[in-house]
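Colleague: Coordinates in target36.txt, compact mmCIF, C-alpha atoms, are listed below.
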# COMPACT_ATOMS: atom_id res chain seq x y z
CA MET A 1 -28.46 -9.28 23.36
CA SER A 2 -27.86 -12.23 21.12
CA PHE A 3 -30.25 -14.87 19.88
CA ARG A 4 -30.15 -17.36 17.02
CA ALA A 5 -32.45 -20.28 16.28
CA ILE A 6 -32.55 -22.49 13.22
CA SER A 7 -35.52 -24.71 12.35
CA PRO A 8 -35.19 -27.35 9.60
CA THR A 9 -38.73 -26.58 8.33
CA PRO A 10 -41.06 -23.57 8.65
CA GLU A 11 -44.07 -25.62 9.77
CA ALA A 12 -44.07 -24.70 13.46
CA TRP A 13 -43.51 -20.98 12.76
CA LYS A 14 -46.29 -21.01 10.18
CA ALA A 15 -48.68 -22.80 12.53
CA LEU A 16 -47.86 -20.41 15.34
CA ALA A 17 -48.38 -17.32 13.18
CA ASP A 18 -51.73 -18.64 11.92
CA ALA A 19 -52.89 -19.62 15.40
CA LEU A 20 -51.92 -16.25 16.90
CA ALA A 21 -53.57 -14.35 14.06
CA GLU A 22 -56.94 -15.62 15.29
CA LEU A 23 -56.37 -14.20 18.73
CA VAL A 24 -54.13 -11.17 19.10
CA GLU A 25 -52.54 -8.30 17.22
CA GLU A 26 -49.21 -8.46 19.04
CA ALA A 27 -47.35 -11.39 20.56
CA ALA A 28 -44.58 -11.34 23.16
CA PHE A 29 -41.99 -14.10 23.17
CA GLU A 30 -39.93 -14.90 26.24
CA ILE A 31 -36.56 -16.06 24.96
CA THR A 32 -34.32 -17.95 27.38
CA PRO A 33 -31.35 -20.29 27.00
CA GLU A 34 -33.88 -23.14 27.44
CA GLY A 35 -36.13 -22.10 24.55
CA LEU A 36 -39.02 -19.90 23.47
CA THR A 37 -42.29 -19.46 25.32
CA LEU A 38 -45.29 -17.31 24.63
CA ARG A 39 -48.67 -16.77 26.26
CA ALA A 40 -51.38 -14.71 24.65
CA MET A 41 -55.01 -14.14 25.51
CA ASP A 42 -57.53 -12.64 23.10
CA PRO A 43 -59.02 -9.25 24.06
CA SER A 44 -62.44 -10.71 24.84
CA ARG A 45 -60.63 -13.05 27.27
CA VAL A 46 -62.24 -16.18 25.86
CA ALA A 47 -59.20 -17.97 24.44
CA MET A 48 -55.54 -18.32 25.27
CA VAL A 49 -52.48 -19.75 23.55
CA ASN A 50 -49.49 -21.14 25.42
CA LEU A 51 -46.37 -22.05 23.49
CA SER A 52 -43.47 -24.02 24.89
CA TRP A 53 -40.75 -24.50 22.28
CA ASN A 54 -37.63 -25.93 23.83
CA ASN A 55 -34.12 -25.55 22.47
CA LEU A 56 -33.87 -29.26 21.51
CA SER A 57 -36.53 -28.70 18.86
CA PHE A 58 -34.16 -26.45 16.91
CA GLU A 59 -31.35 -27.54 14.66
CA GLU A 60 -29.25 -24.84 16.28
CA TYR A 61 -30.19 -22.65 19.22
CA ALA A 62 -28.18 -19.96 21.00
CA CYS A 63 -29.37 -17.43 23.55
CA GLU A 64 -26.91 -15.70 25.86
CA SER A 65 -29.37 -14.07 28.23
CA SER A 66 -33.13 -14.10 28.73
CA MET A 67 -35.19 -11.40 27.05
CA THR A 68 -38.75 -10.60 26.03
CA ILE A 69 -39.51 -9.39 22.53
CA ALA A 70 -42.80 -8.58 20.85
CA VAL A 71 -43.87 -8.53 17.21
CA ARG A 72 -47.02 -7.62 15.33
CA VAL A 73 -48.72 -10.90 14.47
CA ASP A 74 -49.76 -9.55 11.09
CA ASP A 75 -46.08 -8.93 10.23
CA LEU A 76 -45.14 -12.43 11.37
CA LYS A 77 -47.95 -13.98 9.35
CA LYS A 78 -46.98 -12.11 6.19
CA VAL A 79 -43.38 -13.30 6.50
CA MET A 80 -44.40 -16.90 7.20
CA LYS A 81 -46.67 -16.90 4.17
CA ARG A 82 -43.52 -16.43 2.09
CA ALA A 83 -41.87 -19.55 3.56
CA ASP A 84 -41.86 -22.64 1.38
CA ARG A 85 -42.29 -26.12 2.79
CA LYS A 86 -38.61 -27.00 2.37
CA ASP A 87 -37.16 -23.75 3.72
CA ARG A 88 -34.85 -23.83 6.70
CA ILE A 89 -35.57 -20.83 8.90
CA GLU A 90 -32.93 -18.95 10.80
CA VAL A 91 -34.17 -16.37 13.31
CA THR A 92 -31.90 -13.70 14.77
CA LEU A 93 -32.23 -10.25 16.25
CA GLY A 94 -31.20 -7.45 13.92
CA GLN A 95 -29.92 -3.90 14.25
CA GLY A 96 -32.35 -1.17 15.26
CA ASN A 97 -34.86 -3.26 17.17
CA THR A 98 -35.77 -5.77 14.49
CA ILE A 99 -36.11 -9.51 14.17
CA ILE A 100 -34.74 -11.22 11.11
CA PHE A 101 -36.11 -14.36 9.46
CA ARG A 102 -33.74 -15.93 6.92
CA PHE A 103 -35.20 -18.58 4.59
CA LYS A 104 -32.77 -20.95 2.95
CA ASP A 105 -33.68 -23.40 0.21
CA GLY A 106 -31.46 -22.89 -2.77
CA TYR A 107 -31.26 -19.09 -2.66
CA GLU A 108 -31.46 -17.16 0.59
CA ARG A 109 -34.12 -14.61 1.49
CA GLU A 110 -34.06 -12.31 4.48
CA PHE A 111 -37.10 -10.63 6.04
CA SER A 112 -36.61 -8.03 8.74
CA ILE A 113 -39.61 -6.89 10.79
CA PRO A 114 -39.73 -4.33 13.59
CA LEU A 115 -40.07 -5.33 17.21
CA VAL A 116 -42.82 -3.53 19.08
CA GLU A 117 -43.04 -2.46 22.67
CA VAL A 118 -43.89 -5.36 24.99
CA GLY A 119 -47.43 -4.65 26.18
CA GLU A 120 -48.01 -7.81 28.15
CA THR A 121 -46.15 -9.89 30.67
CA HIS A 122 -46.03 -13.62 31.25
CA ARG A 123 -49.59 -14.26 32.34
CA PRO A 124 -50.72 -17.19 34.50
CA LEU A 125 -52.32 -20.24 32.92
CA PRO A 126 -55.85 -21.27 33.88
CA LYS A 127 -55.82 -23.56 36.91
CA LEU A 128 -57.77 -26.60 35.81
CA ALA A 129 -58.26 -30.22 36.77
CA PHE A 130 -59.81 -32.20 33.94
CA ASN A 131 -62.21 -35.15 34.19
CA ALA A 132 -61.88 -36.23 30.57
CA GLN A 133 -58.78 -36.64 28.45
CA ALA A 134 -58.65 -37.90 24.86
CA LYS A 135 -55.79 -38.35 22.43
CA ILE A 136 -57.20 -37.85 18.95
CA VAL A 137 -55.78 -37.90 15.43
CA GLN A 138 -55.59 -34.20 14.62
CA LYS A 139 -57.05 -34.54 11.14
CA ALA A 140 -60.13 -36.31 12.53
CA LEU A 141 -60.71 -33.61 15.15
CA ARG A 142 -60.41 -30.94 12.49
CA LYS A 143 -63.01 -32.70 10.33
CA ILE A 144 -65.38 -33.15 13.28
CA PHE A 145 -65.28 -29.43 14.14
CA GLU A 146 -65.79 -28.53 10.48
CA ASP A 147 -68.73 -30.97 10.24
CA ILE A 148 -70.41 -29.39 13.23
CA ASP A 149 -69.64 -25.91 11.95
CA THR A 150 -71.99 -26.59 9.01
CA VAL A 151 -75.04 -26.32 11.29
CA SER A 152 -73.98 -24.58 14.48
CA ASP A 153 -71.60 -21.98 15.85
CA HIS A 154 -70.95 -24.06 18.96
CA VAL A 155 -70.14 -27.65 19.84
CA THR A 156 -71.17 -29.71 22.84
CA ILE A 157 -68.56 -32.27 23.84
CA LYS A 158 -69.65 -35.27 25.92
CA ALA A 159 -67.33 -37.87 27.40
CA GLN A 160 -68.14 -41.10 29.19
CA GLU A 161 -66.36 -44.41 29.60
CA GLY A 162 -65.44 -45.61 26.09
CA LEU A 163 -67.27 -42.82 24.20
CA LEU A 164 -66.49 -39.25 23.11
CA GLU A 165 -69.31 -37.39 21.38
CA PHE A 166 -69.48 -34.07 19.57
CA LEU A 167 -72.87 -32.46 18.99
CA GLY A 168 -74.01 -29.40 17.08
CA ARG A 169 -77.60 -28.27 16.88
CA SER A 170 -79.41 -25.29 15.45
CA GLU A 171 -82.63 -24.46 13.62
CA ILE A 172 -81.03 -25.67 10.38
CA GLY A 173 -80.18 -29.13 11.64
CA GLN A 174 -78.12 -31.35 13.86
CA VAL A 175 -74.71 -32.98 13.51
CA GLN A 176 -73.39 -35.70 15.74
CA ALA A 177 -69.92 -37.26 15.64
CA ARG A 178 -68.87 -40.19 17.77
CA LEU A 179 -65.48 -41.59 18.62
CA VAL A 180 -65.60 -44.90 20.45
CA ASP A 181 -62.73 -46.77 22.06
CA SER A 182 -62.20 -48.89 18.95
CA SER A 183 -62.11 -45.90 16.53
CA PRO A 184 -58.71 -45.65 14.82
CA ASP A 185 -58.91 -41.87 15.29
CA LEU A 186 -59.29 -42.11 19.07
CA LEU A 187 -55.90 -43.17 20.36
CA GLU A 188 -56.67 -42.89 24.07
CA LEU A 189 -59.63 -41.93 26.23
CA ALA A 190 -59.56 -41.54 30.01
CA VAL A 191 -62.75 -40.41 31.76
CA LYS A 192 -62.69 -39.84 35.52
CA GLU A 193 -66.25 -38.51 35.55
CA PRO A 194 -68.79 -38.26 32.73
CA SER A 195 -68.43 -34.69 31.43
CA GLU A 196 -70.36 -32.37 29.12
CA ALA A 197 -69.57 -28.81 28.08
CA THR A 198 -70.27 -26.46 25.18
CA TYR A 199 -67.72 -24.29 23.38
CA SER A 200 -67.78 -21.72 20.62
CA LEU A 201 -66.61 -23.11 17.29
CA GLU A 202 -65.44 -19.70 16.08
CA TYR A 203 -62.01 -20.15 17.64
CA LEU A 204 -61.86 -23.96 17.64
CA VAL A 205 -62.21 -24.38 13.88
CA ASP A 206 -59.62 -21.74 13.05
CA PHE A 207 -57.21 -22.89 15.68
CA VAL A 208 -57.30 -26.57 14.81
CA LYS A 209 -56.87 -25.63 11.16
CA ALA A 210 -53.87 -23.45 12.00
CA VAL A 211 -51.97 -26.21 13.77
CA LYS A 212 -52.43 -28.60 10.87
CA PRO A 213 -48.86 -29.95 11.03
CA ALA A 214 -49.50 -31.55 14.44
CA GLU A 215 -50.52 -35.16 13.98
CA ILE A 216 -52.09 -35.69 17.37
CA THR A 217 -54.21 -33.51 19.62
CA VAL A 218 -54.79 -34.07 23.30
CA LEU A 219 -58.24 -32.77 24.22
CA GLU A 220 -59.01 -32.22 27.91
CA PHE A 221 -62.16 -30.84 29.50
CA SER A 222 -64.64 -31.06 32.37
CA SER A 223 -68.27 -30.01 32.70
CA ARG A 224 -68.64 -26.20 32.67
CA MET A 225 -64.86 -25.79 32.47
CA PRO A 226 -62.56 -24.56 29.70
CA VAL A 227 -61.34 -27.02 27.10
CA LYS A 228 -57.61 -27.44 26.59
CA LEU A 229 -56.15 -28.67 23.32
CA THR A 230 -52.49 -29.63 23.24
CA PHE A 231 -50.69 -29.96 19.93
CA PRO A 232 -47.22 -31.51 20.16
CA ILE A 233 -44.85 -29.75 17.75
CA ASP A 234 -42.31 -32.56 17.64
CA GLU A 235 -40.88 -35.44 19.61
CA HIS A 236 -38.72 -33.15 21.78
CA GLY A 237 -41.53 -32.11 24.10
CA SER A 238 -42.38 -28.77 22.48
CA TYR A 239 -46.08 -27.96 22.19
CA ILE A 240 -48.75 -25.36 21.49
CA GLU A 241 -51.67 -25.35 23.92
CA PHE A 242 -54.99 -23.69 23.38
CA TYR A 243 -57.53 -22.88 26.11
CA LEU A 244 -61.11 -21.89 25.38
CA ALA A 245 -63.70 -20.80 27.95
CA PRO A 246 -67.02 -22.68 27.98
CA ARG A 247 -70.20 -21.08 26.72
CA VAL A 248 -72.43 -19.77 29.47
CA GLU A 249 -75.88 -21.25 28.85
CA MET B 250 -53.65 -0.37 51.56
CA LEU B 251 -56.88 1.13 50.26
CA ASN B 252 -59.61 -1.50 50.34
CA SER B 253 -62.75 0.35 49.25
CA LEU B 254 -63.69 3.20 46.93
CA GLU B 255 -64.61 5.26 50.00
CA GLU B 256 -61.08 4.82 51.37
CA VAL B 257 -59.60 5.77 48.00
CA ASP B 258 -61.85 8.88 47.82
CA GLU B 259 -60.77 9.96 51.30
CA ALA B 260 -57.08 9.39 50.52
CA ILE B 261 -57.43 11.56 47.40
CA ARG B 262 -59.20 14.29 49.40
CA VAL B 263 -56.29 14.61 51.84
CA CYS B 264 -53.50 13.99 49.28
CA ARG B 265 -50.72 16.60 49.07
CA ALA B 266 -48.35 14.55 46.89
CA CYS B 267 -48.22 17.07 44.03
CA PRO B 268 -48.91 20.81 43.61
CA LEU B 269 -52.33 20.27 41.98
CA HIS B 270 -54.07 19.99 45.35
CA SER B 271 -53.42 23.66 46.04
CA SER B 272 -55.09 25.02 42.89
CA ARG B 273 -58.11 22.72 42.64
CA ARG B 274 -61.57 23.46 44.03
CA ASN B 275 -62.60 19.85 44.50
CA PRO B 276 -60.83 16.55 44.01
CA VAL B 277 -62.51 14.31 41.41
CA PRO B 278 -61.93 10.71 42.47
CA GLY B 279 -64.40 8.97 40.15
CA GLU B 280 -67.87 7.48 40.27
CA GLY B 281 -70.03 4.52 39.28
CA SER B 282 -70.54 0.98 40.47
CA GLY B 283 -68.35 -0.67 37.82
CA ARG B 284 -70.68 -3.69 38.00
CA SER B 285 -70.39 -4.23 34.25
CA GLY B 286 -66.65 -4.84 34.65
CA ILE B 287 -65.88 -1.81 32.48
CA MET B 288 -63.92 1.21 33.62
CA PHE B 289 -63.39 4.48 31.72
CA VAL B 290 -60.26 6.49 32.40
CA GLY B 291 -59.77 10.02 31.08
CA GLU B 292 -56.95 12.52 31.43
CA ALA B 293 -57.79 14.97 34.24
CA PRO B 294 -60.78 16.93 35.54
CA GLY B 295 -61.78 20.05 33.61
CA ARG B 296 -63.51 23.21 34.83
CA ASN B 297 -66.99 21.71 35.33
CA GLU B 298 -65.59 18.60 36.97
CA ASP B 299 -63.50 20.73 39.33
CA ILE B 300 -66.60 22.68 40.36
CA GLN B 301 -68.80 19.62 40.88
CA GLY B 302 -66.19 17.12 42.07
CA ARG B 303 -67.52 14.58 39.54
CA PRO B 304 -65.82 13.21 36.40
CA PHE B 305 -67.09 13.86 32.85
CA VAL B 306 -70.02 16.17 33.66
CA GLY B 307 -69.61 18.73 30.86
CA ALA B 308 -70.30 18.40 27.14
CA ALA B 309 -67.67 15.64 26.82
CA GLY B 310 -69.43 13.81 29.64
CA GLN B 311 -72.75 14.02 27.82
CA LEU B 312 -71.15 12.55 24.72
CA LEU B 313 -69.61 9.76 26.81
CA ASP B 314 -72.92 9.00 28.58
CA GLY B 315 -74.67 8.80 25.21
CA LEU B 316 -72.10 6.37 23.82
CA ILE B 317 -72.28 4.19 26.93
CA LYS B 318 -76.07 4.06 26.64
CA GLU B 319 -76.48 3.71 22.88
CA LYS B 320 -73.49 1.59 21.91
CA LEU B 321 -72.95 -0.51 25.03
CA GLY B 322 -76.56 -0.66 26.28
CA LEU B 323 -75.39 0.33 29.77
CA ARG B 324 -76.20 3.14 32.19
CA ARG B 325 -73.53 5.50 33.45
CA ASP B 326 -73.74 3.90 36.90
CA ASP B 327 -73.00 0.43 35.46
CA VAL B 328 -69.43 1.48 34.63
CA TYR B 329 -66.77 3.25 36.70
CA ILE B 330 -65.52 6.59 35.40
CA THR B 331 -62.35 8.30 36.55
CA ASN B 332 -59.24 10.12 35.35
CA VAL B 333 -55.51 9.46 35.47
CA VAL B 334 -55.09 12.65 37.55
CA LYS B 335 -57.72 13.38 40.16
CA CYS B 336 -57.22 17.17 40.53
CA ARG B 337 -57.66 19.77 37.79
CA PRO B 338 -54.39 21.10 36.33
CA PRO B 339 -54.64 24.92 36.26
CA GLY B 340 -55.87 26.36 32.96
CA ASN B 341 -56.63 22.84 31.70
CA ARG B 342 -52.95 22.25 30.87
CA ASP B 343 -51.69 18.70 30.33
CA PRO B 344 -50.79 16.89 33.53
CA GLU B 345 -47.04 16.74 34.18
CA PRO B 346 -45.36 13.29 34.29
CA ASP B 347 -44.61 13.78 38.00
CA GLU B 348 -48.27 14.56 38.69
CA VAL B 349 -49.36 11.41 36.83
CA LYS B 350 -46.82 9.37 38.79
CA ALA B 351 -47.96 10.85 42.10
CA CYS B 352 -51.60 10.04 41.32
CA TRP B 353 -50.99 6.53 39.93
CA ARG B 354 -51.46 4.77 43.27
CA PHE B 355 -55.05 5.97 43.38
CA LEU B 356 -55.89 4.62 39.94
CA GLU B 357 -54.17 1.37 40.86
CA ALA B 358 -56.23 1.17 44.07
CA GLN B 359 -59.45 1.86 42.13
CA ILE B 360 -58.55 -0.93 39.69
CA MET B 361 -57.91 -3.30 42.61
CA VAL B 362 -61.34 -2.54 44.09
CA ILE B 363 -63.36 -2.54 40.84
CA LYS B 364 -61.48 -5.50 39.27
CA PRO B 365 -62.46 -4.49 35.73
CA ARG B 366 -62.03 -6.87 32.82
CA MET B 367 -61.76 -3.94 30.44
CA ILE B 368 -60.52 -0.39 30.85
CA VAL B 369 -61.39 2.06 28.12
CA ALA B 370 -58.55 4.58 27.97
CA LEU B 371 -59.91 7.92 26.77
CA GLY B 372 -57.25 9.92 24.95
CA ARG B 373 -53.49 9.80 24.71
CA HIS B 374 -52.66 10.53 28.36
CA ALA B 375 -54.81 7.70 29.74
CA THR B 376 -53.67 5.36 26.97
CA THR B 377 -49.98 6.03 27.49
CA THR B 378 -50.25 5.74 31.26
CA LEU B 379 -52.21 2.49 31.19
CA LEU B 380 -50.23 0.81 28.41
CA PHE B 381 -46.71 1.99 29.19
CA GLY B 382 -46.83 3.07 32.84
CA PRO B 383 -47.21 6.40 34.66
CA GLY B 384 -44.91 9.18 33.49
CA SER B 385 -44.23 7.55 30.09
CA ARG B 386 -43.73 9.69 27.01
CA THR B 387 -47.14 10.36 25.43
CA ARG B 388 -47.72 8.89 21.96
CA SER B 389 -50.15 9.49 19.16
CA ILE B 390 -53.60 8.22 20.05
CA MET B 391 -54.45 7.69 16.39
CA ALA B 392 -51.78 4.98 16.13
CA LEU B 393 -52.99 3.18 19.25
CA ARG B 394 -56.77 3.63 19.22
CA GLY B 395 -59.16 0.79 18.46
CA LYS B 396 -56.58 -1.92 19.22
CA PRO B 397 -57.17 -3.67 22.53
CA ARG B 398 -54.11 -4.85 24.41
CA MET B 399 -53.71 -6.90 27.53
CA VAL B 400 -51.72 -5.33 30.34
CA ARG B 401 -50.97 -6.47 33.87
CA ILE B 402 -51.97 -3.82 36.41
CA ALA B 403 -52.21 -4.30 40.15
CA GLY B 404 -51.62 -8.03 39.69
CA ARG B 405 -54.48 -8.48 37.20
CA ASP B 406 -54.55 -9.05 33.44
CA ILE B 407 -56.77 -6.32 32.06
CA THR B 408 -57.82 -5.53 28.51
CA ILE B 409 -57.00 -1.90 27.76
CA PHE B 410 -59.02 -0.44 24.91
CA PRO B 411 -57.57 2.91 23.76
CA THR B 412 -59.89 5.37 22.09
CA LEU B 413 -60.19 9.11 21.54
CA HIS B 414 -61.00 11.51 24.34
CA PRO B 415 -64.63 12.65 23.96
CA ALA B 416 -63.53 16.29 24.44
CA ALA B 417 -61.20 16.00 21.43
CA ALA B 418 -64.07 14.58 19.36
CA LEU B 419 -66.19 17.61 20.25
CA TYR B 420 -63.65 19.88 18.57
CA ASN B 421 -63.43 17.68 15.49
CA LYS B 422 -66.81 16.30 14.43
CA GLN B 423 -65.18 13.72 12.13
CA GLN B 424 -63.71 12.08 15.20
CA ILE B 425 -67.18 11.40 16.62
CA SER B 426 -67.72 8.67 14.05
CA THR B 427 -64.30 7.20 14.95
CA LEU B 428 -65.33 7.23 18.61
CA GLU B 429 -68.63 5.53 17.69
CA GLU B 430 -66.77 2.86 15.72
CA ASP B 431 -64.54 2.17 18.72
CA PHE B 432 -67.54 1.88 21.04
CA GLU B 433 -69.11 -0.63 18.65
CA GLU B 434 -65.91 -2.68 18.87
CA ILE B 435 -65.96 -2.40 22.68
CA ALA B 436 -69.58 -3.66 22.66
CA ARG B 437 -68.54 -6.60 20.48
CA LEU B 438 -65.70 -7.54 22.81
CA VAL B 439 -67.80 -7.18 25.93
CA ARG B 440 -70.81 -9.06 24.55
CA GLY B 441 -68.56 -11.79 23.11
CA GLY B 442 -67.05 -12.32 26.52
CA GLY B 443 -70.42 -12.40 28.25
CA ARG B 444 -72.06 -14.87 25.89
CA ARG B 445 -69.19 -17.31 25.73
CA GLY B 446 -67.90 -16.88 29.26
CA THR B 447 -64.29 -15.91 29.84
CA LEU B 448 -61.14 -17.56 31.15
CA ASP B 449 -60.97 -14.97 33.96
CA GLU B 450 -62.63 -17.09 36.61
CA PHE B 451 -60.19 -19.95 35.95
CA LEU B 452 -56.97 -17.92 36.15
Let's see the structure in the file written out as structure tokens.

Modeller:
Amino acid sequence: MSFRAISPTPEAWKALADALAELVEEAAFEITPEGLTLRAMDPSRVAMVNLSWNNLSFEEYACESSMTIAVRVDDLKKVMKRADRKDRIEVTLGQGNTIIFRFKDGYEREFSIPLVEVGETHRPLPKLAFNAQAKIVQKALRKIFEDIDTVSDHVTIKAQEGLLEFLGRSEIGQVQARLVDSSPDLLELAVKEPSEATYSLEYLVDFVKAVKPAEITVLEFSSRMPVKLTFPIDEHGSYIEFYLAPRVE
Amino acid sequence: MLNSLEEVDEAIRVCRACPLHSSRRNPVPGEGSGRSGIMFVGEAPGRNEDIQGRPFVGAAGQLLDGLIKEKLGLRRDDVYITNVVKCRPPGNRDPEPDEVKACWRFLEAQIMVIKPRMIVALGRHATTTLLFGPGSRTRSIMALRGKPRMVRIAGRDITIFPTLHPAAALYNKQQISTLEEDFEEIARLVRGGGRRGTLDEFL
């Protein structure tokens, strides 16, 4: 069993660890010669993460045969907290069922964490056809969710031709954010059918914050359907996707 | 292929796949509607269960019923209650790995019929079987309890929530508060799912 992957920066690993920490205690990676994938659903079955990290995204990547490994997300997060912005990260499998993260920027540091038993298998993705798709500057989306979070624990997203609206309402007030076709933060908007759905902000805020390094987010949804957020990791086609079930009114 | 709980019950009644059938009084298939989407799985029937042919009817059962009512706000009939092994092992000994393996198809069939979104595994035998497969080496429940994990069983992704066996908590009163804590966490997970909807219907 041999595996080695080198990333020029720790950003994607950090984002992944932060995003997973909101959802699950353990995460199982499928490692193949083509790259790394991971799917994880939170125990209340409301949210799901899907990672597709292809081998081109790495500075060096070597995997002889496919395998599944699992780690405790808390362990991964602790290690990634120690990574500096300029660190190169080398990931290998160690002796005695461990995974090793080597950080290199000037001096070299090596963190070894235990692998845990794989408790989950590659689960299916939700089968969805979306009526609204928007490409949004990630920073703007993050601010919108945080704005709405000041008054409400959920957000209603409305899409129609040329307009994407975010609404939050509670007894303490109301927040409304609008992105129109001409907004510099709304890069694309395609609406097949006017759509409206409400989602819990609990996961959205944390998740969008976790994947800070992504510059663009693709938001897709339909009325009474889950929302899907796609965060491209780089220009090589790797991405982190996030699915969230709608609120049942 | 067992398509209903009645068919599963009947298959258990006539099962001769392991030696336990010869020493039991009654098989204990399980009971409840499971309409809440929650299933409870224990280890094996005890003396009272063997006499009545019903799961969790003794003191441990009373504790379980109370937790279901007080912490989850549900009635016993709203959930489905069963055991990993459907016949009582003589003298209340632990079920043997071969007995667990022989009985697994019935639990799998019950899961296929009930389609639970969460299974509460009561004790180390149920936890080990549901997380790591029938016949697996048993592990410490204290290390696994309170941490839900997703497992694929009978073609479905199911949240397994390991907790203590109510019978063990009866012998150690300190463990009752641990069991209560776990049931509060189960309530949080179940209510969270209900209020926000889940991804299940879209998978």

Colleague: Extract, using only C-alpha atoms, all DNA, RNA and protein residues at most 7 Å from Ser170 (chain A), discarding same-chain residues fewer than 2 positions from it, and format them as a PyMOL selection string.

Modeller: chain A and resi 151-152+168+172-174

Colleague: Set the distance at 10 Å and use all atoms listed in the file: which residues neighbour Lys139 (chain A) once local chain neighbours fewer than 5 positions away are removed? I'd like the list as a VMD selection string.

Modeller: chain A and resid 144 185 208 to 209 212 to 217

Colleague: With distances taken over all atoms listed in the file, which of B:Glu319, B:Asp327, B:Glu450, B:Asp258 is nearest to chain A?

Modeller: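 Checking each candidate against chain A, we get B:Glu450 as the closest.
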
Colleague: Show me the residues close to (-52.7, 6.5, 28.4) - anything with an atom within 12 Å, counting all atoms listed in the file - and format the list as a ChimeraX atom specification.

Modeller: /B:289-293,332-334,344,346,349,353,368-390,393-394,409-414

Colleague: CA of Gly94 (chain A) and CA of Ser112 (chain A) are how many Å apart?

Modeller: 7.5 Å

Colleague: Have a look at CA of Met67 (chain A) and CA of Leu93 (chain A) and let me know their distance in Å, one decimal.

Modeller: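 Computed distance, CA of Met67 (chain A) to CA of Leu93 (chain A), equals 11.3 Å.
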
Colleague: B:Thr408, B:Ala436, B:Asn341, B:Gln301: which is nearest Val46 (chain A), counting only C-alpha atoms?

Modeller: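 Of all the options, B:Thr408 lies closest to Val46 (chain A).
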
Colleague: Within 10 Å of chain B, which residues of chain A come that close, and what is the closest atom pair and distance in Å for each? Count only C-alpha atoms and give it as a tab-separated table.

Modeller:
residue	atom	partner	partner_atom	distance
A:Val24	CA	B:Arg398	CA	8.3
A:Glu25	CA	B:Lys396	CA	7.8
A:Glu26	CA	B:Arg398	CA	8.1
A:Ala40	CA	B:Met399	CA	8.6
A:Met41	CA	B:Met399	CA	7.6
A:Asp42	CA	B:Met399	CA	8.2
A:Pro43	CA	B:Thr408	CA	5.9
A:Ser44	CA	B:Leu438	CA	5.0
A:Arg45	CA	B:Thr447	CA	5.3
A:Val46	CA	B:Thr447	CA	4.5
A:Ala47	CA	B:Leu448	CA	7.0
A:Met48	CA	B:Leu448	CA	8.2
A:Glu117	CA	B:Phe381	CA	8.7
A:Val118	CA	B:Phe381	CA	8.9
A:Gly119	CA	B:Val400	CA	6.0
A:Glu120	CA	B:Val400	CA	5.0
A:Thr121	CA	B:Arg401	CA	6.7
A:His122	CA	B:Arg401	CA	9.1
A:Arg123	CA	B:Asp406	CA	7.3
A:Pro124	CA	B:Leu452	CA	6.5
A:Leu125	CA	B:Leu452	CA	6.1
A:Pro126	CA	B:Leu452	CA	4.2
A:Lys127	CA	B:Phe451	CA	5.7
A:Leu128	CA	B:Phe451	CA	7.1
A:His154	CA	B:Arg445	CA	9.7
A:Thr198	CA	B:Arg445	CA	9.2
A:Tyr199	CA	B:Arg445	CA	7.5
A:Ser200	CA	B:Arg445	CA	6.9
A:Arg224	CA	B:Gly446	CA	10.0
A:Met225	CA	B:Phe451	CA	8.2
A:Pro226	CA	B:Leu448	CA	7.3
A:Tyr243	CA	B:Leu448	CA	8.2
A:Leu244	CA	B:Leu448	CA	7.2
A:Ala245	CA	B:Leu448	CA	5.2
A:Pro246	CA	B:Gly446	CA	6.0
A:Arg247	CA	B:Arg445	CA	4.0
A:Val248	CA	B:Gly446	CA	5.4
A:Glu249	CA	B:Arg444	CA	8.0

Colleague: Can you measure CA of Val362 (chain B) to CA of Ile317 (chain B) for me? One decimal in Å is fine.

Modeller: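 Between CA of Val362 (chain B) and CA of Ile317 (chain B) the gap works out to 21.4 Å.
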
Colleague: Would you mind listing what lies within 10 Å of Gln176 (chain A) as a PDB file with C-alpha atoms, in the coordinates of the input, with all atoms listed in the file counted and same-chain residues fewer than 2 positions away left out?

Modeller:
ATOM      1  CA  ILE A 144     -65.380 -33.150  13.280  1.00  0.00           C
ATOM      2  CA  ASP A 147     -68.730 -30.970  10.240  1.00  0.00           C
ATOM      3  CA  ILE A 148     -70.410 -29.390  13.230  1.00  0.00           C
ATOM      4  CA  VAL A 155     -70.140 -27.650  19.840  1.00  0.00           C
ATOM      5  CA  THR A 156     -71.170 -29.710  22.840  1.00  0.00           C
ATOM      6  CA  GLU A 165     -69.310 -37.390  21.380  1.00  0.00           C
ATOM      7  CA  PHE A 166     -69.480 -34.070  19.570  1.00  0.00           C
ATOM      8  CA  LEU A 167     -72.870 -32.460  18.990  1.00  0.00           C
ATOM      9  CA  GLY A 168     -74.010 -29.400  17.080  1.00  0.00           C
ATOM     10  CA  ARG A 169     -77.600 -28.270  16.880  1.00  0.00           C
ATOM     11  CA  GLN A 174     -78.120 -31.350  13.860  1.00  0.00           C
ATOM     12  CA  ARG A 178     -68.870 -40.190  17.770  1.00  0.00           C
TER      13      ARG A 178
END

Colleague: Quick one: residues within 12 Å of Ile261 (chain B), all atoms listed in the file, excluding same-chain residues fewer than 2 positions away - as an MDAnalysis selection string?

Modeller: chainID B and resid 251 254:259 263:267 269:270 275:279 302 334:336 351:356 358:359

Colleague: Taking into account only C-alpha atoms, which residue in the set B:Met391, B:Ser285, B:Arg274, B:Pro365 is nearest to Gly322 (chain B)?

Modeller: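 Smallest separation from Gly322 (chain B) among the options: B:Ser285.
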